[in-house]
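Chemist: Below are the structure tokens for one structure; questions will follow.
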Amino acid sequence: MAEMMAYNEFREFNRFLNGLIGLNGLANWAEAEYGPEYGYYLTLYVRNLVSATIIYYTMGVVWSWMVDRSEMVFGMQVFKGGEVKRPGSIQDQIILAQMSLFLYAGLPVFDEFLIEYGYTRVYMSMSEVGGFIPYLFYTIVYFFLVEIGIYWMHRKLHTNPFLFKYIHSLHHKYNTPDYLSPWASIAFNPLDGIMQACPYTIVMMFWPCHYITHFVMLFLTAIWATNIHDTLVGDTEPLMGSKYHTVHHTHYNCNYGQYLVLCDYMWGTLRQPAKEKTQKTQ
């Protein structure tokens with residue numbers, strides 16, 4: 001009974017959200033055409049795909065403007081701080097990212113399925129775990145567990161020859177500062193993105209996580225991914241800012257963390273950008 005109540009609670013929230021953004025027509029058509037279960041998840045997929053696409057282009061335009069790039073979308077040259085971006089690089093990144101989104105947008109749908117059918121420790125209300133203080137504790141631990149999981153998943157994508165060659169190397173063709181830009185954030189094999197995001201899913205299966213907080217964290221990864229590919233240099237420690245991630249793209253075997261330098265520091269893979277040249281070493 002508790003599982004059924006939780007299932008209904010999450011699904012009702014999504015139905016409310018669909019109505020709020022004007023998707024009731026799509027939801028009604030999908031459920032009439034494919035049945036209430038498949039139609040419901042199809043609506044979620046379309047919602048995720050459209051939302052992710054809007055976020056990607058919005059963040060790309062805004063971030064490019066913020067770092068003072070000109071001709072930032074379809075021009076043949078893109079400038080940042082006097083540095084000319086490789087001709088065609090941004091167009092290539094946009095095409096790859098858009099293709100990846102069609103599969104990548106399915107991961108939150110899978111999360112929703114697991115949550116609604118009781119395969120996770122996700123909860124809707126803070127009162128279910130005793131209030132704000134327990135919520136804060138669970139959220140902080142969840143964040144660090146996910147950070148550790150992403151570090152090791154990202155590291156494995158580099159150290160395993162098969163995974164690197166057939167999945168992760170596509171993203172690492174952007175391996176010099178003149179080939180990186182905010183548009184490269186999700187320009188990858190969609191399996192690459194799913195593998196690096198899966199710690200968010202795996203951890204919530206054994207550790208309590210607030211429902212809305214979980215999806216807000218997924219949203220924030222899109223913003224962060226845009227930020228760390230902009231090749232700007234700035235002191236952001238303990239955050240794994242773009243100066244660290246640029247070195248990751250030029251040297252491959254370092255700076256695997258998502259938000260923090262902590263895991264790289266703990267496991268010996270942190271490389272200080274100030275001490276490195278920006279040219280590829282292999």
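By order in the structure tokens, chains are A, B, ...; within a chain, residues start at 1; ligands start at 1, following the order shown.
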For range 230-235 of chain A, list every protein, DNA or RNA residue within 7 Å, evaluated using only C-alpha atoms, and leave out those in the same chain fewer than 2 positions away; present the list as a ChimeraX atom specification.

Modeler: /A:177,180-182,226-228,237,242-243,246

Chemist: Write a file of the just-selected residues containing all heavy atoms, as a PDB file, in the first residue's frame.

Modeler:
```pdb
ATOM      1  N   PRO A 177      42.248  23.909 -26.643  1.00  0.00           N
ATOM      2  CA  PRO A 177      41.389  25.042 -26.282  1.00  0.00           C
ATOM      3  C   PRO A 177      40.657  25.668 -27.460  1.00  0.00           C
ATOM      4  O   PRO A 177      39.538  26.163 -27.298  1.00  0.00           O
ATOM      5  CB  PRO A 177      42.380  26.029 -25.648  1.00  0.00           C
ATOM      6  CG  PRO A 177      43.459  25.166 -25.089  1.00  0.00           C
ATOM      7  CD  PRO A 177      43.607  24.040 -26.082  1.00  0.00           C
ATOM      8  N   LEU A 180      37.430  23.636 -28.019  1.00  0.00           N
ATOM      9  CA  LEU A 180      36.465  23.532 -26.933  1.00  0.00           C
ATOM     10  C   LEU A 180      35.602  24.780 -26.871  1.00  0.00           C
ATOM     11  O   LEU A 180      36.070  25.887 -27.171  1.00  0.00           O
ATOM     12  CB  LEU A 180      37.182  23.354 -25.587  1.00  0.00           C
ATOM     13  CG  LEU A 180      37.715  21.960 -25.268  1.00  0.00           C
ATOM     14  CD1 LEU A 180      38.653  22.024 -24.069  1.00  0.00           C
ATOM     15  CD2 LEU A 180      36.566  20.999 -24.993  1.00  0.00           C
ATOM     16  N   SER A 181      34.356  24.589 -26.454  1.00  0.00           N
ATOM     17  CA  SER A 181      33.448  25.720 -26.270  1.00  0.00           C
ATOM     18  C   SER A 181      32.289  25.252 -25.391  1.00  0.00           C
ATOM     19  O   SER A 181      32.133  24.045 -25.151  1.00  0.00           O
ATOM     20  CB  SER A 181      32.908  26.211 -27.620  1.00  0.00           C
ATOM     21  OG  SER A 181      31.838  25.379 -28.064  1.00  0.00           O
ATOM     22  N   PRO A 182      31.454  26.161 -24.894  1.00  0.00           N
ATOM     23  CA  PRO A 182      30.285  25.732 -24.122  1.00  0.00           C
ATOM     24  C   PRO A 182      29.381  24.759 -24.866  1.00  0.00           C
ATOM     25  O   PRO A 182      28.665  23.975 -24.239  1.00  0.00           O
ATOM     26  CB  PRO A 182      29.559  27.057 -23.837  1.00  0.00           C
ATOM     27  CG  PRO A 182      30.637  28.088 -23.854  1.00  0.00           C
ATOM     28  CD  PRO A 182      31.595  27.634 -24.917  1.00  0.00           C
ATOM     29  N   THR A 226      28.193  23.046 -19.219  1.00  0.00           N
ATOM     30  CA  THR A 226      28.424  24.193 -20.098  1.00  0.00           C
ATOM     31  C   THR A 226      29.585  25.030 -19.585  1.00  0.00           C
ATOM     32  O   THR A 226      30.476  25.432 -20.337  1.00  0.00           O
ATOM     33  CB  THR A 226      27.155  25.068 -20.184  1.00  0.00           C
ATOM     34  OG1 THR A 226      26.055  24.263 -20.625  1.00  0.00           O
ATOM     35  CG2 THR A 226      27.350  26.220 -21.157  1.00  0.00           C
ATOM     36  N   ASN A 227      29.598  25.259 -18.294  1.00  0.00           N
ATOM     37  CA  ASN A 227      30.626  26.087 -17.671  1.00  0.00           C
ATOM     38  C   ASN A 227      32.030  25.504 -17.846  1.00  0.00           C
ATOM     39  O   ASN A 227      32.968  26.214 -18.214  1.00  0.00           O
ATOM     40  CB  ASN A 227      30.310  26.244 -16.180  1.00  0.00           C
ATOM     41  CG  ASN A 227      31.479  26.774 -15.381  1.00  0.00           C
ATOM     42  OD1 ASN A 227      31.953  27.875 -15.621  1.00  0.00           O
ATOM     43  ND2 ASN A 227      31.963  25.980 -14.451  1.00  0.00           N
ATOM     44  N   ILE A 228      32.194  24.216 -17.604  1.00  0.00           N
ATOM     45  CA  ILE A 228      33.542  23.649 -17.582  1.00  0.00           C
ATOM     46  C   ILE A 228      34.141  23.449 -18.971  1.00  0.00           C
ATOM     47  O   ILE A 228      35.319  23.109 -19.090  1.00  0.00           O
ATOM     48  CB  ILE A 228      33.584  22.308 -16.805  1.00  0.00           C
ATOM     49  CG1 ILE A 228      32.697  21.255 -17.467  1.00  0.00           C
ATOM     50  CG2 ILE A 228      33.220  22.529 -15.351  1.00  0.00           C
ATOM     51  CD1 ILE A 228      32.785  19.887 -16.787  1.00  0.00           C
ATOM     52  N   GLU A 237      38.728  26.723  -6.890  1.00  0.00           N
ATOM     53  CA  GLU A 237      38.897  25.665  -5.908  1.00  0.00           C
ATOM     54  C   GLU A 237      38.022  25.902  -4.665  1.00  0.00           C
ATOM     55  O   GLU A 237      37.877  27.045  -4.241  1.00  0.00           O
ATOM     56  CB  GLU A 237      40.377  25.568  -5.497  1.00  0.00           C
ATOM     57  CG  GLU A 237      41.321  25.152  -6.611  1.00  0.00           C
ATOM     58  CD  GLU A 237      41.714  26.301  -7.518  1.00  0.00           C
ATOM     59  OE1 GLU A 237      41.185  27.424  -7.342  1.00  0.00           O
ATOM     60  OE2 GLU A 237      42.525  26.092  -8.413  1.00  0.00           O
ATOM     61  N   SER A 242      36.532  25.269 -15.136  1.00  0.00           N
ATOM     62  CA  SER A 242      36.872  24.997 -16.533  1.00  0.00           C
ATOM     63  C   SER A 242      38.368  24.918 -16.760  1.00  0.00           C
ATOM     64  O   SER A 242      38.825  24.218 -17.673  1.00  0.00           O
ATOM     65  CB  SER A 242      36.256  26.071 -17.434  1.00  0.00           C
ATOM     66  OG  SER A 242      36.702  27.357 -17.064  1.00  0.00           O
ATOM     67  N   LYS A 243      39.183  25.611 -15.942  1.00  0.00           N
ATOM     68  CA  LYS A 243      40.626  25.522 -16.167  1.00  0.00           C
ATOM     69  C   LYS A 243      41.134  24.097 -15.920  1.00  0.00           C
ATOM     70  O   LYS A 243      42.058  23.630 -16.587  1.00  0.00           O
ATOM     71  CB  LYS A 243      41.379  26.520 -15.286  1.00  0.00           C
ATOM     72  CG  LYS A 243      41.378  26.224 -13.798  1.00  0.00           C
ATOM     73  CD  LYS A 243      42.232  27.228 -13.039  1.00  0.00           C
ATOM     74  CE  LYS A 243      42.316  26.882 -11.556  1.00  0.00           C
ATOM     75  NZ  LYS A 243      43.173  27.842 -10.814  1.00  0.00           N
ATOM     76  N   THR A 246      39.712  21.880 -18.925  1.00  0.00           N
ATOM     77  CA  THR A 246      40.474  22.076 -20.156  1.00  0.00           C
ATOM     78  C   THR A 246      41.724  21.212 -20.155  1.00  0.00           C
ATOM     79  O   THR A 246      42.055  20.565 -21.161  1.00  0.00           O
ATOM     80  CB  THR A 246      40.856  23.559 -20.322  1.00  0.00           C
ATOM     81  OG1 THR A 246      39.661  24.352 -20.397  1.00  0.00           O
ATOM     82  CG2 THR A 246      41.670  23.773 -21.596  1.00  0.00           C
TER      83      THR A 246
END
```

Chemist: So which residues touch Asn14 in chain A within 10 Å, counting only C-alpha atoms, skipping near sequence neighbours fewer than 3 positions away, as number ranges by chain?

Modeler: A: 8-11, 17-20, 40, 43-44, 112

Chemist: Find the residue from A:Glu147, A:Glu116, A:Asp192, A:Asp264 that sits nearest to Leu103 in chain A; use only C-alpha atoms when measuring.

Modeler: A:Asp192

Chemist: Range 20-205 of chain A: which residues are helix (DSSP H, G or I) by DSSP, as a PyMOL selection string?

Modeler: chain A and resi 20+24-34+36-66+89-104+107-116+126-129+132-159+161-168+171-173+177-179+182-184+190-203

Chemist: If you measure from CA of Gln196 in chain A to CA of Phe13 in chain A, what distance in Å do you get, rounded to one decimal?

Modeler: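 Pair CA of Gln196 in chain A / CA of Phe13 in chain A returns 27.1 Å.
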
Chemist: Give me, as a PyMOL selection string, the residues of range 42-248 of chain A that a backbone DSSP run labels strand (DSSP E).

Modeler: chain A and resi 79-80+83-84+122-123+209-210

Chemist: Just to be explicit: take each residue in the selection above, keep N, CA, C and O atoms, and write the result as a compact mmCIF listing (two decimals), in the first residue's frame.

Modeler:
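Produced file part-v7.txt, reproduced below:
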```
# COMPACT_ATOMS: atom_id res chain seq x y z
N PHE A 79 35.55 33.94 -31.37
CA PHE A 79 36.65 34.52 -30.63
C PHE A 79 36.36 34.52 -29.13
O PHE A 79 35.24 34.73 -28.69
N LYS A 80 37.41 34.29 -28.36
CA LYS A 80 37.35 34.46 -26.91
C LYS A 80 38.73 34.92 -26.48
O LYS A 80 39.72 34.20 -26.62
N GLU A 83 41.46 34.54 -28.94
CA GLU A 83 41.75 33.19 -29.43
C GLU A 83 40.70 32.78 -30.44
O GLU A 83 39.50 32.78 -30.15
N VAL A 84 41.14 32.40 -31.63
CA VAL A 84 40.21 32.00 -32.69
C VAL A 84 39.83 30.54 -32.51
O VAL A 84 40.69 29.67 -32.38
N VAL A 122 13.80 7.16 -2.98
CA VAL A 122 13.37 8.53 -3.21
C VAL A 122 12.09 8.83 -2.44
O VAL A 122 11.18 8.00 -2.36
N TYR A 123 12.01 10.04 -1.87
CA TYR A 123 10.83 10.47 -1.13
C TYR A 123 10.39 11.84 -1.64
O TYR A 123 11.19 12.60 -2.20
N CYS A 209 16.83 10.11 -1.15
CA CYS A 209 17.02 11.35 -1.92
C CYS A 209 15.67 11.99 -2.17
O CYS A 209 14.70 11.30 -2.52
N HIS A 210 15.60 13.28 -1.99
CA HIS A 210 14.37 14.03 -2.23
C HIS A 210 14.06 14.07 -3.73
O HIS A 210 14.95 14.32 -4.54
```

Chemist: Between CA of Tyr142 in chain A and CA of Thr236 in chain A, what distance in Å does the model show, to one decimal?

Modeler: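 Going from CA of Tyr142 in chain A over to CA of Thr236 in chain A covers 22.2 Å.
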
Chemist: Between CA of Gly106 in chain A and CA of Gln91 in chain A, what is the spacing in Å?

Modeler: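 About the pair CA of Gln91 in chain A and CA of Gly106 in chain A: they are 24.1 Å apart.
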
Chemist: Using only C-alpha atoms, which residues sit within 7 Å of Asn189 in chain A once same-chain residues fewer than 4 positions away are excluded, as a PyMOL selection string?

Modeler: chain A and resi 100+167-168+170+193

Chemist: Report as a PyMOL selection string all protein, DNA and RNA residues lying within 12 Å of Leu157 in chain A, evaluated on only C-alpha atoms, omitting residues in the same chain fewer than 4 positions from it.

Modeler: chain A and resi 150-153+161-172+189+191-196+252-253+256

Chemist: Can you tell me which residues surround Ala187 in chain A at a distance of at most 7 Å, considering only C-alpha atoms, apart from same-chain residues fewer than 2 positions away, and format the answer as a list in words?

Modeler: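 The residues that qualify are Gln93, Ile94, Leu96, Ala97, His171, Ala184 and Ser185 of chain A.
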